[in-house]
Structures are given as C-alpha cells and as structure tokens.
file my_file.cif (mmCIF, C-alpha atoms)
data_coords
#
loop_
_atom_site.label_atom_id
_atom_site.label_comp_id
_atom_site.auth_asym_id
_atom_site.auth_seq_id
_atom_site.Cartn_x
_atom_site.Cartn_y
_atom_site.Cartn_z
CA MET F 732 -33.78 -30.64 -29.58
CA THR F 733 -37.46 -30.29 -30.33
CA LYS F 734 -38.98 -26.82 -30.58
CA LYS F 735 -40.55 -27.19 -27.13
CA GLU F 736 -37.28 -28.38 -25.61
CA ARG F 737 -35.46 -25.44 -27.19
CA VAL F 738 -37.85 -22.87 -25.70
CA ARG F 739 -37.94 -24.53 -22.31
CA ALA F 740 -34.14 -24.64 -22.20
CA ILE F 741 -34.14 -20.85 -22.41
CA ILE F 742 -36.79 -20.51 -19.70
CA ASP F 743 -35.20 -23.10 -17.38
CA GLY F 744 -31.69 -21.70 -17.60
CA GLY F 745 -30.31 -24.37 -19.91
CA THR F 746 -28.47 -24.15 -23.19
CA PRO F 747 -30.50 -24.72 -26.37
CA ASP F 748 -28.97 -26.13 -29.54
CA ARG F 749 -29.84 -22.83 -31.25
CA VAL F 750 -31.79 -19.66 -30.57
CA PRO F 751 -35.55 -20.33 -30.75
CA ALA F 752 -37.71 -17.90 -32.68
CA GLY F 753 -41.30 -16.71 -32.51
CA PHE F 754 -43.09 -14.11 -34.63
CA TRP F 755 -46.78 -13.42 -35.23
CA TYR F 756 -49.30 -11.14 -36.83
CA HIS F 757 -53.06 -10.66 -36.86
CA PHE F 758 -54.64 -12.73 -39.59
CA PRO F 759 -57.10 -11.07 -42.00
CA GLU F 760 -60.64 -10.71 -40.66
CA ALA F 761 -61.91 -13.66 -42.71
CA GLU F 762 -59.37 -15.91 -40.95
CA GLN F 763 -59.99 -14.87 -37.36
CA ASN F 764 -62.61 -17.40 -36.28
CA GLY F 765 -63.78 -20.94 -36.82
CA ARG F 766 -62.12 -23.37 -39.20
CA SER F 767 -60.56 -20.50 -41.16
CA ALA F 768 -58.63 -19.41 -38.05
CA VAL F 769 -57.41 -22.94 -37.41
CA ASP F 770 -56.29 -23.31 -41.02
CA ALA F 771 -54.56 -19.90 -40.91
CA HIS F 772 -52.50 -20.90 -37.86
CA THR F 773 -51.44 -24.26 -39.27
CA ALA F 774 -50.60 -22.76 -42.66
CA TYR F 775 -48.55 -20.06 -40.93
CA LEU F 776 -46.60 -22.68 -38.99
CA ARG F 777 -45.82 -24.60 -42.18
CA ALA F 778 -44.76 -21.45 -43.99
CA THR F 779 -42.53 -19.99 -41.27
CA ASP F 780 -41.37 -23.01 -39.21
CA VAL F 781 -41.32 -20.89 -36.03
CA ASP F 782 -40.43 -22.49 -32.71
CA VAL F 783 -43.19 -20.54 -30.93
CA LEU F 784 -46.72 -20.46 -32.34
CA LYS F 785 -48.87 -17.80 -30.69
CA ILE F 786 -52.56 -18.55 -31.04
CA MET F 787 -54.11 -15.22 -31.91
CA ASN F 788 -57.18 -14.02 -30.05
CA GLU F 789 -59.56 -11.69 -31.85
CA ASN F 790 -62.49 -12.51 -29.53
CA LEU F 791 -62.34 -9.34 -27.48
CA TYR F 792 -63.90 -8.68 -24.07
CA ARG F 793 -67.38 -7.33 -24.76
CA VAL F 794 -70.25 -6.73 -22.35
CA ASP F 795 -73.95 -6.11 -22.91
CA ALA F 796 -73.87 -2.69 -21.26
CA PRO F 797 -70.56 -0.94 -22.04
CA PRO F 798 -69.48 1.51 -19.31
CA ARG F 799 -70.22 5.08 -20.37
CA THR F 800 -69.38 6.87 -17.13
CA ALA F 801 -66.76 6.25 -14.48
CA SER F 802 -69.35 4.94 -12.01
CA ASP F 803 -70.52 2.35 -14.57
CA TRP F 804 -67.36 0.32 -13.93
CA HIS F 805 -68.99 -0.92 -10.72
CA THR F 806 -71.30 -3.01 -12.90
CA VAL F 807 -68.83 -4.49 -15.37
CA PRO F 808 -69.20 -8.28 -15.04
CA ALA F 809 -66.67 -11.07 -14.83
CA LEU F 810 -67.70 -12.97 -17.96
CA PRO F 811 -68.04 -16.72 -17.38
CA ILE F 812 -65.99 -19.20 -19.35
CA SER F 813 -69.25 -20.19 -21.05
CA ALA F 814 -69.53 -16.73 -22.65
CA PRO F 815 -69.71 -16.97 -26.46
CA LEU F 816 -66.45 -15.08 -26.97
CA TYR F 817 -64.60 -17.63 -24.84
CA GLU F 818 -66.35 -20.58 -26.43
CA ARG F 819 -65.28 -19.35 -29.88
CA GLN F 820 -61.70 -18.83 -28.80
CA LEU F 821 -61.39 -22.10 -26.90
CA GLU F 822 -62.64 -23.96 -29.93
CA ILE F 823 -59.83 -22.39 -31.97
CA VAL F 824 -57.30 -23.27 -29.27
CA ARG F 825 -58.38 -26.90 -29.04
CA ARG F 826 -58.46 -27.42 -32.79
CA VAL F 827 -55.08 -25.76 -33.36
CA LEU F 828 -53.56 -27.92 -30.63
CA ASP F 829 -55.10 -31.01 -32.20
CA LYS F 830 -53.49 -30.08 -35.52
CA VAL F 831 -50.00 -29.15 -34.33
CA GLY F 832 -49.59 -31.67 -31.51
CA ASP F 833 -46.15 -31.47 -29.88
CA SER F 834 -44.46 -30.11 -33.01
CA VAL F 835 -44.22 -26.53 -31.71
CA TYR F 836 -44.30 -24.52 -28.48
CA THR F 837 -47.72 -22.86 -28.21
CA LEU F 838 -48.85 -19.63 -26.57
CA ILE F 839 -52.36 -18.33 -26.01
CA THR F 840 -52.91 -14.60 -26.34
CA VAL F 841 -54.52 -13.05 -23.25
CA HIS F 842 -55.30 -9.38 -23.64
CA GLY F 843 -54.42 -7.82 -20.29
CA VAL F 844 -56.79 -6.10 -17.91
CA PHE F 845 -56.29 -2.60 -19.28
CA ALA F 846 -56.70 -3.72 -22.90
CA SER F 847 -59.74 -5.83 -22.04
CA ALA F 848 -61.29 -2.90 -20.17
CA PHE F 849 -60.81 -0.73 -23.25
CA HIS F 850 -62.41 -3.45 -25.36
CA THR F 851 -65.57 -3.32 -23.20
CA LEU F 852 -66.14 0.18 -24.54
CA GLY F 853 -66.64 -1.19 -28.06
CA LEU F 854 -64.55 1.59 -29.59
CA PRO F 855 -62.19 1.41 -32.58
CA ASP F 856 -58.50 0.88 -31.87
CA GLU F 857 -57.76 4.46 -32.88
CA ARG F 858 -59.41 5.67 -29.67
CA TYR F 859 -56.87 3.82 -27.54
CA GLU F 860 -54.16 6.42 -28.06
CA ARG F 861 -56.28 9.56 -28.24
CA ASP F 862 -59.48 10.46 -26.40
CA ASN F 863 -59.63 7.14 -24.56
CA PRO F 864 -62.64 7.25 -22.17
CA LEU F 865 -60.99 4.65 -19.91
CA GLU F 866 -58.18 7.10 -19.22
CA HIS F 867 -60.67 9.81 -18.26
CA HIS F 868 -62.62 7.41 -16.06
CA LEU F 869 -59.44 6.46 -14.20
CA VAL F 870 -58.86 10.13 -13.42
CA GLU F 871 -62.46 10.71 -12.34
CA ASP F 872 -63.12 7.62 -10.21
CA PRO F 873 -60.21 5.17 -9.94
CA ASP F 874 -61.95 3.13 -7.25
CA ALA F 875 -64.89 2.36 -9.54
CA VAL F 876 -62.60 1.43 -12.42
CA ALA F 877 -60.55 -0.76 -10.09
CA GLU F 878 -63.69 -2.74 -9.26
CA GLY F 879 -64.33 -3.32 -12.95
CA PHE F 880 -60.70 -4.32 -13.45
CA ARG F 881 -60.94 -6.90 -10.69
CA ALA F 882 -63.99 -8.45 -12.33
CA ILE F 883 -62.29 -8.56 -15.73
CA GLY F 884 -59.17 -10.01 -14.14
CA ARG F 885 -61.11 -12.92 -12.62
CA SER F 886 -62.56 -13.66 -16.03
CA LEU F 887 -59.16 -13.56 -17.74
CA VAL F 888 -57.71 -15.97 -15.18
CA ALA F 889 -60.54 -18.44 -15.82
CA PHE F 890 -60.00 -18.18 -19.59
CA ALA F 891 -56.24 -18.63 -19.35
CA ARG F 892 -56.69 -21.65 -17.08
CA ALA F 893 -59.08 -23.22 -19.57
CA CYS F 894 -56.45 -22.77 -22.28
CA VAL F 895 -53.77 -24.32 -20.07
CA ASP F 896 -56.08 -27.25 -19.38
CA ALA F 897 -56.54 -27.60 -23.14
CA GLY F 898 -52.78 -27.99 -23.50
CA VAL F 899 -51.11 -24.67 -24.39
CA ASP F 900 -47.51 -24.37 -23.24
CA GLY F 901 -47.57 -20.71 -22.26
CA VAL F 902 -49.72 -17.66 -21.67
CA TYR F 903 -48.83 -14.44 -23.51
CA TYR F 904 -50.20 -11.64 -21.34
CA ALA F 905 -50.38 -8.22 -23.00
CA ALA F 906 -49.84 -5.57 -20.32
CA LEU F 907 -50.92 -2.08 -21.37
CA GLY F 908 -51.63 1.24 -19.70
CA GLY F 909 -48.13 2.14 -18.53
CA GLU F 910 -47.55 4.92 -21.04
CA ARG F 911 -45.81 7.87 -19.40
CA TRP F 912 -48.13 10.45 -20.93
CA ARG F 913 -51.38 9.11 -19.47
CA ALA F 914 -53.36 11.66 -17.48
CA TYR F 915 -53.94 9.38 -14.50
CA GLY F 916 -50.34 9.40 -13.32
CA THR F 917 -48.10 6.95 -11.50
CA SER F 918 -50.09 6.41 -8.32
CA THR F 919 -53.28 5.46 -10.17
CA PHE F 920 -51.31 3.18 -12.48
CA GLU F 921 -49.83 1.39 -9.48
CA GLU F 922 -53.04 1.19 -7.45
CA VAL F 923 -55.39 0.16 -10.26
CA ILE F 924 -53.64 -1.16 -13.38
CA GLN F 925 -50.51 -2.64 -11.86
CA ALA F 926 -52.48 -4.17 -8.99
CA ALA F 927 -54.91 -5.82 -11.41
CA ASP F 928 -52.14 -7.10 -13.70
CA ARG F 929 -50.18 -8.54 -10.80
CA THR F 930 -53.24 -10.29 -9.38
CA VAL F 931 -53.88 -12.03 -12.71
CA LEU F 932 -50.23 -12.97 -13.20
CA GLN F 933 -49.85 -14.21 -9.63
CA GLU F 934 -52.85 -16.47 -10.11
CA LEU F 935 -51.46 -17.82 -13.37
CA ALA F 936 -47.98 -18.29 -11.93
CA HIS F 937 -49.38 -21.32 -10.11
CA GLU F 938 -50.36 -22.97 -13.38
CA LYS F 939 -48.18 -25.41 -15.29
CA ALA F 940 -47.83 -23.03 -18.25
CA ASP F 941 -45.08 -20.44 -18.70
CA LEU F 942 -45.86 -16.72 -18.50
CA PHE F 943 -44.77 -14.38 -21.30
CA VAL F 944 -45.27 -10.73 -20.33
CA HIS F 945 -45.67 -8.42 -23.33
CA ILE F 946 -45.35 -4.74 -22.43
CA CYS F 947 -46.98 -2.94 -25.30
CA LYS F 948 -46.78 0.58 -26.78
CA PRO F 949 -44.08 3.29 -26.91
CA SER F 950 -43.10 5.73 -24.16
CA VAL F 951 -43.73 3.21 -21.39
CA ASN F 952 -42.36 3.35 -17.86
CA LEU F 953 -40.74 -0.07 -18.09
CA GLN F 954 -39.42 0.16 -14.54
CA ALA F 955 -43.02 -0.21 -13.36
CA TYR F 956 -43.09 -3.78 -14.70
CA VAL F 957 -39.90 -5.07 -13.11
CA ASP F 958 -41.66 -7.00 -10.34
CA TYR F 959 -44.39 -8.50 -12.52
CA PRO F 960 -44.54 -12.30 -12.29
CA GLY F 961 -43.33 -13.77 -15.57
CA ASP F 962 -40.92 -16.18 -17.20
CA VAL F 963 -40.18 -14.25 -20.43
CA PHE F 964 -40.40 -10.50 -21.09
CA ASN F 965 -41.06 -8.76 -24.41
CA TRP F 966 -41.45 -5.02 -25.03
CA ALA F 967 -41.23 -2.45 -27.80
CA SER F 968 -37.45 -2.13 -27.58
CA HIS F 969 -37.16 0.14 -30.61
CA ALA F 970 -39.93 2.50 -29.46
CA ASN F 971 -38.73 2.65 -25.84
CA ASP F 972 -34.98 2.97 -26.36
CA LEU F 973 -34.18 -0.06 -24.21
CA SER F 974 -32.00 -2.69 -25.82
CA LEU F 975 -32.50 -6.39 -25.21
CA ARG F 976 -29.34 -6.53 -23.11
CA ASP F 977 -30.41 -3.57 -21.00
CA GLY F 978 -33.87 -5.08 -20.71
CA TYR F 979 -32.40 -8.32 -19.44
CA ALA F 980 -30.42 -6.34 -16.85
CA LEU F 981 -33.68 -4.66 -15.83
CA PHE F 982 -36.04 -7.66 -15.73
CA GLN F 983 -33.54 -10.44 -14.96
CA ARG F 984 -35.71 -12.89 -16.91
CA PRO F 985 -35.37 -14.37 -20.42
CA ILE F 986 -36.09 -11.93 -23.24
CA LEU F 987 -38.06 -12.20 -26.49
CA GLY F 988 -37.40 -9.69 -29.27
CA GLY F 989 -34.83 -8.13 -31.54
CA PHE F 990 -36.66 -6.91 -34.66
CA ASP F 991 -38.76 -3.78 -35.08
CA ASP F 992 -42.32 -4.88 -35.82
CA ARG F 993 -43.50 -2.13 -38.16
CA SER F 994 -40.42 -0.90 -40.01
CA GLY F 995 -36.82 -1.82 -40.63
CA VAL F 996 -35.19 -4.81 -42.25
CA LEU F 997 -37.82 -7.44 -41.39
CA VAL F 998 -40.48 -5.36 -43.14
CA ASP F 999 -38.44 -3.69 -45.87
CA GLY F 1000 -35.22 -5.68 -46.37
CA THR F 1001 -34.30 -8.55 -48.62
CA TYR F 1002 -34.29 -12.13 -47.35
CA ALA F 1003 -30.49 -12.02 -47.20
CA GLU F 1004 -30.57 -8.79 -45.18
CA ILE F 1005 -33.13 -10.26 -42.80
CA ALA F 1006 -30.99 -13.36 -42.24
CA ALA F 1007 -27.89 -11.24 -41.65
CA GLU F 1008 -29.72 -9.03 -39.15
CA ALA F 1009 -31.10 -12.08 -37.32
CA ARG F 1010 -27.61 -13.51 -36.95
CA SER F 1011 -26.33 -10.12 -35.78
CA ILE F 1012 -29.06 -9.83 -33.14
CA ALA F 1013 -28.33 -13.34 -31.92
CA ALA F 1014 -24.59 -12.66 -31.73
CA MET F 1015 -25.10 -9.45 -29.76
CA ASN F 1016 -27.24 -11.30 -27.22
CA ALA F 1017 -25.43 -14.63 -27.15
CA ASP F 1018 -24.68 -14.42 -23.43
CA ILE F 1019 -28.26 -13.75 -22.23
CA PRO F 1020 -31.33 -16.04 -22.29
CA PHE F 1021 -32.99 -14.90 -25.46
CA LEU F 1022 -35.66 -15.83 -28.00
CA LEU F 1023 -35.61 -14.13 -31.41
CA GLY F 1024 -38.78 -12.21 -32.15
CA ALA F 1025 -40.18 -8.73 -32.72
CA ASP F 1026 -41.38 -5.85 -30.57
CA CYS F 1027 -45.05 -6.69 -31.23
CA THR F 1028 -47.32 -8.10 -33.92
CA LEU F 1029 -46.01 -7.79 -37.46
CA PRO F 1030 -48.10 -6.27 -40.28
CA THR F 1031 -50.99 -8.43 -41.42
CA ASN F 1032 -50.18 -10.25 -44.68
CA LEU F 1033 -46.44 -9.72 -44.29
CA ASP F 1034 -44.69 -12.13 -46.63
CA SER F 1035 -44.18 -15.25 -44.52
CA GLY F 1036 -40.91 -15.86 -46.34
CA ARG F 1037 -39.46 -12.90 -44.43
CA ILE F 1038 -40.23 -14.57 -41.14
CA ARG F 1039 -38.85 -17.87 -42.35
CA ALA F 1040 -35.63 -16.13 -43.37
CA ALA F 1041 -35.12 -14.94 -39.79
CA VAL F 1042 -36.06 -18.32 -38.31
CA THR F 1043 -33.81 -20.25 -40.68
CA ALA F 1044 -30.86 -17.95 -39.93
CA MET F 1045 -30.78 -19.32 -36.40
CA ARG F 1046 -29.88 -22.75 -37.77
CA GLY F 1047 -26.44 -21.68 -38.87
#
call {"tool": "encode", "arguments": {"input": "my_file.cif", "output": "structure tokens"}}
result
Amino acid sequence: MTKKERVRAIIDGGTPDRVPAGFWYHFPEAEQNGRSAVDAHTAYLRATDVDVLKIMNENLYRVDAPPRTASDWHTVPALPISAPLYERQLEIVRRVLDKVGDSVYTLITVHGVFASAFHTLGLPDERYERDNPLEHHLVEDPDAVAEGFRAIGRSLVAFARACVDAGVDGVYYAALGGERWRAYGTSTFEEVIQAADRTVLQELAHEKADLFVHICKPSVNLQAYVDYPGDVFNWASHANDLSLRDGYALFQRPILGGFDDRSGVLVDGTYAEIAAEARSIAAMNADIPFLLGADCTLPTNLDSGRIRAAVTAMRG
C-alpha cells in the first residue's frame, strides 16, 4: 500500500497493511514561512518517513483592530482569502504539495474558531491559559462574541476550501475552548463555541478532503465533542485520562494518538524504547481503527530520529 492508501483504509473501514503514523512539531521561527518553510517540511518528511505530513500553519488570524472589549467582537471581520496571511500560507501549501506529490498523505492545519479568535487579540500564548480576555468577553457578552466567531468561521471555511482545491488530502481542525475550568460554563460553550465549530465542520464535511478533529488542552469535557463532524479524532489522551480505546468507544470514529507529546518515552527514551512502546500501543489498539501519533505537537527541534523509530516500528 502507498501511504495515502494506508491512511484512507483506516478512514474507510478497510484493513491497512500496517498501522500508519503521523507526528509533527512547530518548526523554528526561521523556518515558518517562505522557501524555508517548504524546505523544512520536505526535510522532515525525508528524516521521519511519516505516513501523514501535516503542513504547519504559523500564519495566525490577525485583524487591524483587535477586539479590546466584548462589544468589539461585533466588528471582527471575516478575512478574505486574499488576505496576506492566507496568501503566505497557501503559497507554502502549494509548494509543499508540488514537492511531495502523492508520496504522503497531507493535512493542512486549520486553527479552530476559538483559537483564531484568541489570535485576533495579538497576545502571547501564555495568556491563553491565564487571564485570557476572550474568556472574560464570553462571560460579559456572548452574543457579541458569537457574531465575531461566525465571521471568523466563514473565513476559516474559505481558507480550508482553498487548501483542498490546492490538493491537500485532509483538514486538521484544532478545536479549543472546551476546558472544564473556563468561567463561561457549559451553556455558553454550547451556544457560542460548539455552534461555531460545528458550522465550520459541517461546511467542510461536504468537501472531498477528510476531517481530522484535534481536541486540544487538558481538563476538557470530551463528551461535548462527540457529535462533531469528523473522520478522525485526536485528543490529549494522557492529560485527559481517556485511553485511545475508550476514546474510540466515545467518538465511534478512527483515532489518532498513543504517545504523550511533551514527556515520556518519545521525548526521553532510547530509540529501542520508543520502538517497543510504539509496538505496544499498536498491539493494545489492534482491533480499533487507529493511526499512531501523539497527543499534540511535539517539542520543536525534537530529534527526528525519535519519530522515525516510532514510524519504523510499525513495519514489523
């Protein structure tokens, strides 16, 4: 089987010749745009031989007038596909696809509505977990934030469609905002965040690309995502105490995962230990549709040989 055939066998309910594998990390800042980004992706593919190559997206949703108050979300625009951030990212997508051809299954990273809304604020990542203004705005005026989310969602759909037209095989949608400790509570999550996510995913479900739903962060109410449209589900299994098998029972869709992304054997073990753990994960999940991967992005500059050790272990 080719790498694409192997992945599609999992998604379509078939039997692959071996477990496909996909891992990724954020490339260093100097390799996040232009030719350097293209070269980084192709070098990573050569070094790791993954079945799934996720095209990273560091061109975050930015607007000229970041929302500072809850009522400002009424004015957040749906950026056109001609926006510079999309032009930069689409150029990377097209050039990576030109380089790799049909040799690998490709995903495009689409930061979900909640993440993209946070990005409009122009704040450092550290503010996501603590003192996040978006969280406060959702408490103060959820209707206004919902309007901004709908605009962002329309923009994300247009971007994802452009990537599908360019030739990517799947869309990797990062769904955030479902952390149990958020101040806005379940009803606001359902009425604003979940509604916006589902609208985007329902639109993309009509496209010819597969949908990978990544449920990010620890302490997440995973039950809230059960009815999301999607072909493959991935979540922080180690940080949410939900095994891959239990996750498959919950979502009833193929699963991507197995390794912790920030600690454990993939980060700290020897190549032999990584290979043994990969085989163990595959054996434990042999009777469910499963792709070997990690909970989330791996540390930048992780030795690519570690990833290759896990990938190669699936070949027997």
call {"tool": "closest_residue", "arguments": {"input": "my_file.cif", "among": "F:Val998, F:Ile786, F:Val963, F:Leu1029", "to": "Gln983 in chain F", "atoms": "all atoms listed in the file"}}
result
F:Val963
call {"tool": "closest_residue", "arguments": {"input": "my_file.cif", "among": "F:Ile1019, F:Leu935, F:Ala1041, F:Ile986", "to": "Ala891 in chain F", "atoms": "all atoms listed in the file"}}
result
F:Leu935
call {"tool": "resolve_selection", "arguments": {"input": "my_file.cif", "expression": "the PyMOL selection byres ((chain F and resi 951) around 12)", "output": "ChimeraX atom specification"}}
result
/F:906-913,917,920,945-950,952-956,966-973
call {"tool": "atom_distance", "arguments": {"input": "my_file.cif", "atom1": "CA of Arg749 in chain F", "atom2": "CA of Arg737 in chain F"}}
result
7.4 Å
call {"tool": "atom_distance", "arguments": {"input": "my_file.cif", "atom1": "CA of Phe754 in chain F", "atom2": "CA of Arg929 in chain F"}}
result
25.5 Å
call {"tool": "atom_distance", "arguments": {"input": "my_file.cif", "atom1": "CA of Gly753 in chain F", "atom2": "CA of Ile924 in chain F"}}
result
27.6 Å
call {"tool": "closest_residue", "arguments": {"input": "my_file.cif", "among": "F:Ala914, F:Ala1040, F:Ala877, F:Cys894", "to": "Glu822 in chain F", "atoms": "all atoms listed in the file"}}
result
F:Cys894
call {"tool": "resolve_selection", "arguments": {"input": "my_file.cif", "expression": "the PyMOL selection byres ((chain F and resi 980-982) around 8)", "output": "MDAnalysis selection string"}}
result
chainID F and resid 954 957:958 964 976:979 983:984
call {"tool": "resolve_selection", "arguments": {"input": "my_file.cif", "expression": "the PyMOL selection byres ((chain F and resi 830) around 12)", "output": "count of residues only"}}
result
22
call {"tool": "build_atoms", "arguments": {"input": "my_file.cif", "residues": "range 977-1007 of chain F", "atoms": "N, CA and C atoms", "output": "mmCIF file, in the coordinates of the input"}}
result
data_model
loop_
_atom_site.group_PDB
_atom_site.id
_atom_site.type_symbol
_atom_site.label_atom_id
_atom_site.label_comp_id
_atom_site.auth_asym_id
_atom_site.auth_seq_id
_atom_site.Cartn_x
_atom_site.Cartn_y
_atom_site.Cartn_z
ATOM 1 N N ASP F 977 -30.035 -4.430 -22.119
ATOM 2 C CA ASP F 977 -30.410 -3.570 -21.000
ATOM 3 C C ASP F 977 -31.730 -4.034 -20.387
ATOM 4 N N GLY F 978 -32.616 -4.541 -21.229
ATOM 5 C CA GLY F 978 -33.870 -5.080 -20.710
ATOM 6 C C GLY F 978 -33.661 -6.306 -19.849
ATOM 7 N N TYR F 979 -32.716 -7.152 -20.265
ATOM 8 C CA TYR F 979 -32.400 -8.320 -19.440
ATOM 9 C C TYR F 979 -31.818 -7.878 -18.099
ATOM 10 N N ALA F 980 -30.973 -6.863 -18.104
ATOM 11 C CA ALA F 980 -30.420 -6.340 -16.850
ATOM 12 C C ALA F 980 -31.529 -5.786 -15.965
ATOM 13 N N LEU F 981 -32.568 -5.220 -16.581
ATOM 14 C CA LEU F 981 -33.680 -4.660 -15.830
ATOM 15 C C LEU F 981 -34.607 -5.742 -15.277
ATOM 16 N N PHE F 982 -35.032 -6.670 -16.135
ATOM 17 C CA PHE F 982 -36.040 -7.660 -15.730
ATOM 18 C C PHE F 982 -35.448 -8.925 -15.118
ATOM 19 N N GLN F 983 -34.214 -9.238 -15.484
ATOM 20 C CA GLN F 983 -33.540 -10.440 -14.960
ATOM 21 C C GLN F 983 -34.341 -11.710 -15.271
ATOM 22 N N ARG F 984 -34.992 -11.721 -16.399
ATOM 23 C CA ARG F 984 -35.710 -12.890 -16.910
ATOM 24 C C ARG F 984 -35.403 -13.025 -18.392
ATOM 25 N N PRO F 985 -35.591 -14.207 -18.976
ATOM 26 C CA PRO F 985 -35.370 -14.370 -20.420
ATOM 27 C C PRO F 985 -36.139 -13.337 -21.231
ATOM 28 N N ILE F 986 -35.594 -13.015 -22.399
ATOM 29 C CA ILE F 986 -36.090 -11.930 -23.240
ATOM 30 C C ILE F 986 -36.536 -12.488 -24.593
ATOM 31 N N LEU F 987 -37.612 -11.917 -25.128
ATOM 32 C CA LEU F 987 -38.060 -12.200 -26.490
ATOM 33 C C LEU F 987 -38.025 -10.900 -27.279
ATOM 34 N N GLY F 988 -37.387 -10.898 -28.444
ATOM 35 C CA GLY F 988 -37.400 -9.690 -29.270
ATOM 36 C C GLY F 988 -36.226 -9.606 -30.211
ATOM 37 N N GLY F 989 -35.955 -8.384 -30.652
ATOM 38 C CA GLY F 989 -34.830 -8.130 -31.540
ATOM 39 C C GLY F 989 -35.187 -7.278 -32.740
ATOM 40 N N PHE F 990 -36.274 -7.633 -33.451
ATOM 41 C CA PHE F 990 -36.660 -6.910 -34.660
ATOM 42 C C PHE F 990 -37.733 -5.860 -34.352
ATOM 43 N N ASP F 991 -37.669 -4.746 -35.066
ATOM 44 C CA ASP F 991 -38.760 -3.780 -35.080
ATOM 45 C C ASP F 991 -39.950 -4.452 -35.765
ATOM 46 N N ASP F 992 -41.147 -4.194 -35.276
ATOM 47 C CA ASP F 992 -42.320 -4.880 -35.820
ATOM 48 C C ASP F 992 -42.987 -4.164 -36.982
ATOM 49 N N ARG F 993 -42.762 -2.883 -37.146
ATOM 50 C CA ARG F 993 -43.500 -2.130 -38.160
ATOM 51 C C ARG F 993 -42.625 -1.472 -39.212
ATOM 52 N N SER F 994 -41.326 -1.478 -39.022
ATOM 53 C CA SER F 994 -40.420 -0.900 -40.010
ATOM 54 C C SER F 994 -39.080 -1.611 -39.884
ATOM 55 N N GLY F 995 -38.139 -1.207 -40.721
ATOM 56 C CA GLY F 995 -36.820 -1.820 -40.630
ATOM 57 C C GLY F 995 -36.690 -3.036 -41.519
ATOM 58 N N VAL F 996 -35.607 -3.781 -41.307
ATOM 59 C CA VAL F 996 -35.190 -4.810 -42.250
ATOM 60 C C VAL F 996 -36.210 -5.944 -42.383
ATOM 61 N N LEU F 997 -36.878 -6.327 -41.293
ATOM 62 C CA LEU F 997 -37.820 -7.440 -41.390
ATOM 63 C C LEU F 997 -39.004 -7.087 -42.293
ATOM 64 N N VAL F 998 -39.355 -5.830 -42.318
ATOM 65 C CA VAL F 998 -40.480 -5.360 -43.140
ATOM 66 C C VAL F 998 -40.028 -4.939 -44.528
ATOM 67 N N ASP F 999 -38.861 -4.315 -44.613
ATOM 68 C CA ASP F 999 -38.440 -3.690 -45.870
ATOM 69 C C ASP F 999 -37.218 -4.321 -46.543
ATOM 70 N N GLY F 1000 -36.472 -5.153 -45.831
ATOM 71 C CA GLY F 1000 -35.220 -5.680 -46.370
ATOM 72 C C GLY F 1000 -35.401 -6.894 -47.248
ATOM 73 N N THR F 1001 -34.297 -7.309 -47.845
ATOM 74 C CA THR F 1001 -34.300 -8.550 -48.620
ATOM 75 C C THR F 1001 -34.184 -9.738 -47.666
ATOM 76 N N TYR F 1002 -34.432 -10.936 -48.189
ATOM 77 C CA TYR F 1002 -34.290 -12.130 -47.350
ATOM 78 C C TYR F 1002 -32.865 -12.233 -46.804
ATOM 79 N N ALA F 1003 -31.890 -11.936 -47.637
ATOM 80 C CA ALA F 1003 -30.490 -12.020 -47.200
ATOM 81 C C ALA F 1003 -30.208 -11.005 -46.091
ATOM 82 N N GLU F 1004 -30.764 -9.806 -46.222
ATOM 83 C CA GLU F 1004 -30.570 -8.790 -45.180
ATOM 84 C C GLU F 1004 -31.258 -9.188 -43.881
ATOM 85 N N ILE F 1005 -32.427 -9.800 -43.993
ATOM 86 C CA ILE F 1005 -33.130 -10.260 -42.800
ATOM 87 C C ILE F 1005 -32.314 -11.332 -42.079
ATOM 88 N N ALA F 1006 -31.796 -12.294 -42.837
ATOM 89 C CA ALA F 1006 -30.990 -13.360 -42.240
ATOM 90 C C ALA F 1006 -29.745 -12.792 -41.566
ATOM 91 N N ALA F 1007 -29.090 -11.841 -42.223
ATOM 92 C CA ALA F 1007 -27.890 -11.240 -41.650
ATOM 93 C C ALA F 1007 -28.215 -10.487 -40.363
#
